[in-house]
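Student: Sharing a structure here in structure tokens format.
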Amino acid sequence: MQEFKTLFEELGGTETIEKLVEAFYPRVYADPVLSPLFEGDIEDIKRKQKMFLTQFLGGPPIYSQEFGPPAMKQRHLPFEITPLRAQSWLACMKEAFQEADLDENPASVLFYDRLKQVAAIMVNSYE
Ligand code: HEM
């Protein structure tokens with residue numbers, strides 16, 4: 001019988017997610033379009049994002065174990081997310097993929113596509 005790996009495994013598991021998230025948030029906090037939204041502790045959001053992405057990619061459901069249903073659209077409603085901000089978020093992520101050497105993994109195309117879809121759904125303001 002053929003075995004199927006999760007994207008989480010395919011991409012290199014916890015170590016890869018750690019590298020990616022560590023590369024991502026310093027960019028977000030330095031981005032003039034995104035930084036006004038990020039007033040919380042960078043270590044807290046890194047921790048949550050590592051847990052979320054692990055689960056999102058088919059790894060253990062550690063985000064929900066602590067925080068309940070992901071409900072990402074709902075959790076983002078307090079923040080004004082414009083199309084420009086979604087674009088900037090994805091641009092930071094693209095650079096983080098490169099820094100974490102993820103862009104050399106063929107499965108990263110699938111991962112990035114899913115992030116694009118979720119980012120588009122997060123848009124809640126057209127100012
Ligand atoms: C589209 C542009 C996006 C913007 C501007 C944005 C912005 C934010 C902000 C301001 C927070 C709260 C930070 C804090 O608590 O200090 C947050 C939390 C979070 N975001 Fe986003 N986000 C975006 C897209 C995404 C996407 C695409 C994902 C996942 C694929 C994601 C996953 C998360 C997670 C897991 C949290 C933590 C939720 C929690 O409090 O438990 N975000 N985001």
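Chain labels A, B, ... are given in the sequence in which chains occur in the structure tokens; within each chain residues are numbered consecutively from 1, and ligands are likewise numbered from 1 in the order shown.
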For chain A versus ligand 1, which residues have an atom no more than 9 Å away, and what is each residue's nearest atom pair and distance in Å rounded to one decimal, using only C-alpha atoms and all ligand atoms, chain-then-number order, as CSV?
Tutor:
residue,atom,partner,partner_atom_place_in_ligand_line,distance
A:Val28,CA,ligand 1,5 (C),8.9
A:Val33,CA,ligand 1,5 (C),8.6
A:Leu34,CA,ligand 1,5 (C),6.0
A:Ser35,CA,ligand 1,10 (C),8.3
A:Pro36,CA,ligand 1,10 (C),8.2
A:Leu37,CA,ligand 1,10 (C),4.5
A:Phe38,CA,ligand 1,10 (C),4.9
A:Glu39,CA,ligand 1,16 (O),5.5
A:Gly40,CA,ligand 1,16 (O),3.7
A:Asp41,CA,ligand 1,16 (O),6.2
A:Ile42,CA,ligand 1,16 (O),7.0
A:Asp44,CA,ligand 1,16 (O),7.4
A:Ile45,CA,ligand 1,14 (C),5.7
A:Lys46,CA,ligand 1,37 (C),8.3
A:Arg47,CA,ligand 1,37 (C),8.6
A:Lys48,CA,ligand 1,37 (C),5.3
A:Gln49,CA,ligand 1,35 (C),4.4
A:Lys50,CA,ligand 1,35 (C),7.7
A:Met51,CA,ligand 1,35 (C),7.5
A:Phe52,CA,ligand 1,35 (C),5.0
A:Leu53,CA,ligand 1,30 (C),6.9
A:Phe56,CA,ligand 1,30 (C),7.6
A:Tyr63,CA,ligand 1,41 (O),7.8
A:Phe67,CA,ligand 1,41 (O),6.4
A:Gly68,CA,ligand 1,41 (O),8.9
A:Pro70,CA,ligand 1,35 (C),7.5
A:Ala71,CA,ligand 1,38 (C),8.9
A:Met72,CA,ligand 1,32 (C),6.5
A:Lys73,CA,ligand 1,42 (N),8.6
A:Arg75,CA,ligand 1,38 (C),6.2
A:His76,CA,ligand 1,43 (N),6.0
A:Pro78,CA,ligand 1,10 (C),8.2
A:Phe79,CA,ligand 1,10 (C),5.8
A:Glu80,CA,ligand 1,5 (C),7.3
A:Ile81,CA,ligand 1,5 (C),5.1
A:Thr82,CA,ligand 1,5 (C),7.5
A:Pro83,CA,ligand 1,1 (C),7.6
A:Leu84,CA,ligand 1,2 (C),8.5
A:Arg85,CA,ligand 1,5 (C),5.2
A:Ala86,CA,ligand 1,1 (C),3.5
A:Gln87,CA,ligand 1,1 (C),7.0
A:Ser88,CA,ligand 1,2 (C),7.3
A:Trp89,CA,ligand 1,2 (C),5.0
A:Leu90,CA,ligand 1,1 (C),7.2
A:Arg114,CA,ligand 1,30 (C),7.6
A:Leu115,CA,ligand 1,30 (C),5.1
A:Lys116,CA,ligand 1,27 (C),6.8
A:Gln117,CA,ligand 1,27 (C),7.5
A:Val118,CA,ligand 1,27 (C),4.7
A:Ala119,CA,ligand 1,27 (C),3.8
A:Ala120,CA,ligand 1,1 (C),6.4
A:Ile121,CA,ligand 1,1 (C),7.7
A:Met122,CA,ligand 1,1 (C),5.2
A:Val123,CA,ligand 1,1 (C),6.1
Student: Could you pull the residues within 10 Å of A:Lys19, counting only C-alpha atoms, minus those fewer than 6 positions along the same chain, as a PDB file with N, CA, C and O atoms, in the first residue's frame?
Tutor:
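Result file out-v6.pdb:
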ATOM      1  N   LYS A  50       3.704  29.136  15.008  1.00  0.00           N
ATOM      2  CA  LYS A  50       4.349  27.816  14.870  1.00  0.00           C
ATOM      3  C   LYS A  50       3.329  26.709  15.134  1.00  0.00           C
ATOM      4  O   LYS A  50       3.275  25.710  14.412  1.00  0.00           O
ATOM      5  N   ALA A  96      10.719  34.957   3.742  1.00  0.00           N
ATOM      6  CA  ALA A  96      11.003  34.001   4.823  1.00  0.00           C
ATOM      7  C   ALA A  96      11.194  32.587   4.257  1.00  0.00           C
ATOM      8  O   ALA A  96      12.053  31.836   4.727  1.00  0.00           O
ATOM      9  N   PHE A  97      10.418  32.241   3.230  1.00  0.00           N
ATOM     10  CA  PHE A  97      10.596  30.942   2.553  1.00  0.00           C
ATOM     11  C   PHE A  97      12.041  30.829   2.043  1.00  0.00           C
ATOM     12  O   PHE A  97      12.673  29.793   2.164  1.00  0.00           O
ATOM     13  N   GLU A  99      14.738  32.554   3.085  1.00  0.00           N
ATOM     14  CA  GLU A  99      15.701  32.511   4.188  1.00  0.00           C
ATOM     15  C   GLU A  99      15.733  31.128   4.842  1.00  0.00           C
ATOM     16  O   GLU A  99      16.788  30.654   5.259  1.00  0.00           O
ATOM     17  N   ALA A 100      14.578  30.468   4.902  1.00  0.00           N
ATOM     18  CA  ALA A 100      14.507  29.144   5.537  1.00  0.00           C
ATOM     19  C   ALA A 100      14.799  28.015   4.535  1.00  0.00           C
ATOM     20  O   ALA A 100      14.620  26.841   4.855  1.00  0.00           O
ATOM     21  N   ASP A 101      15.229  28.387   3.324  1.00  0.00           N
ATOM     22  CA  ASP A 101      15.539  27.417   2.247  1.00  0.00           C
ATOM     23  C   ASP A 101      14.345  26.561   1.860  1.00  0.00           C
ATOM     24  O   ASP A 101      14.501  25.479   1.286  1.00  0.00           O
ATOM     25  N   LEU A 102      13.168  27.047   2.189  1.00  0.00           N
ATOM     26  CA  LEU A 102      11.964  26.284   1.865  1.00  0.00           C
ATOM     27  C   LEU A 102      11.667  26.289   0.374  1.00  0.00           C
ATOM     28  O   LEU A 102      11.076  25.347  -0.162  1.00  0.00           O
TER      29      LEU A 102
END
Student: Which one of A:Glu127, A:Asp103, A:Glu9, A:Asp113 sits closest to A:Pro60 if you count only C-alpha atoms?
Tutor: A:Glu9
Student: For the atom pair atom CA of A:Leu77 and atom CA of A:Ala30, what is the interatomic distance in Å to one decimal place?
Tutor: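 If I compute the distance from atom CA of A:Leu77 to atom CA of A:Ala30, I get 22.1 Å.
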Student: So, counting only C-alpha atoms, which residue among A:Tyr112, A:Phe24, A:Phe8, A:Tyr29 is closest to A:Gly59?
Tutor: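 Of A:Tyr112, A:Phe24, A:Phe8, A:Tyr29, the one nearest A:Gly59, counting only C-alpha atoms, is A:Phe8.
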Student: Could you check how far atom CA of A:Gly12 sits from atom CA of A:Pro69, in Å to one decimal?
Tutor: 24.7 Å
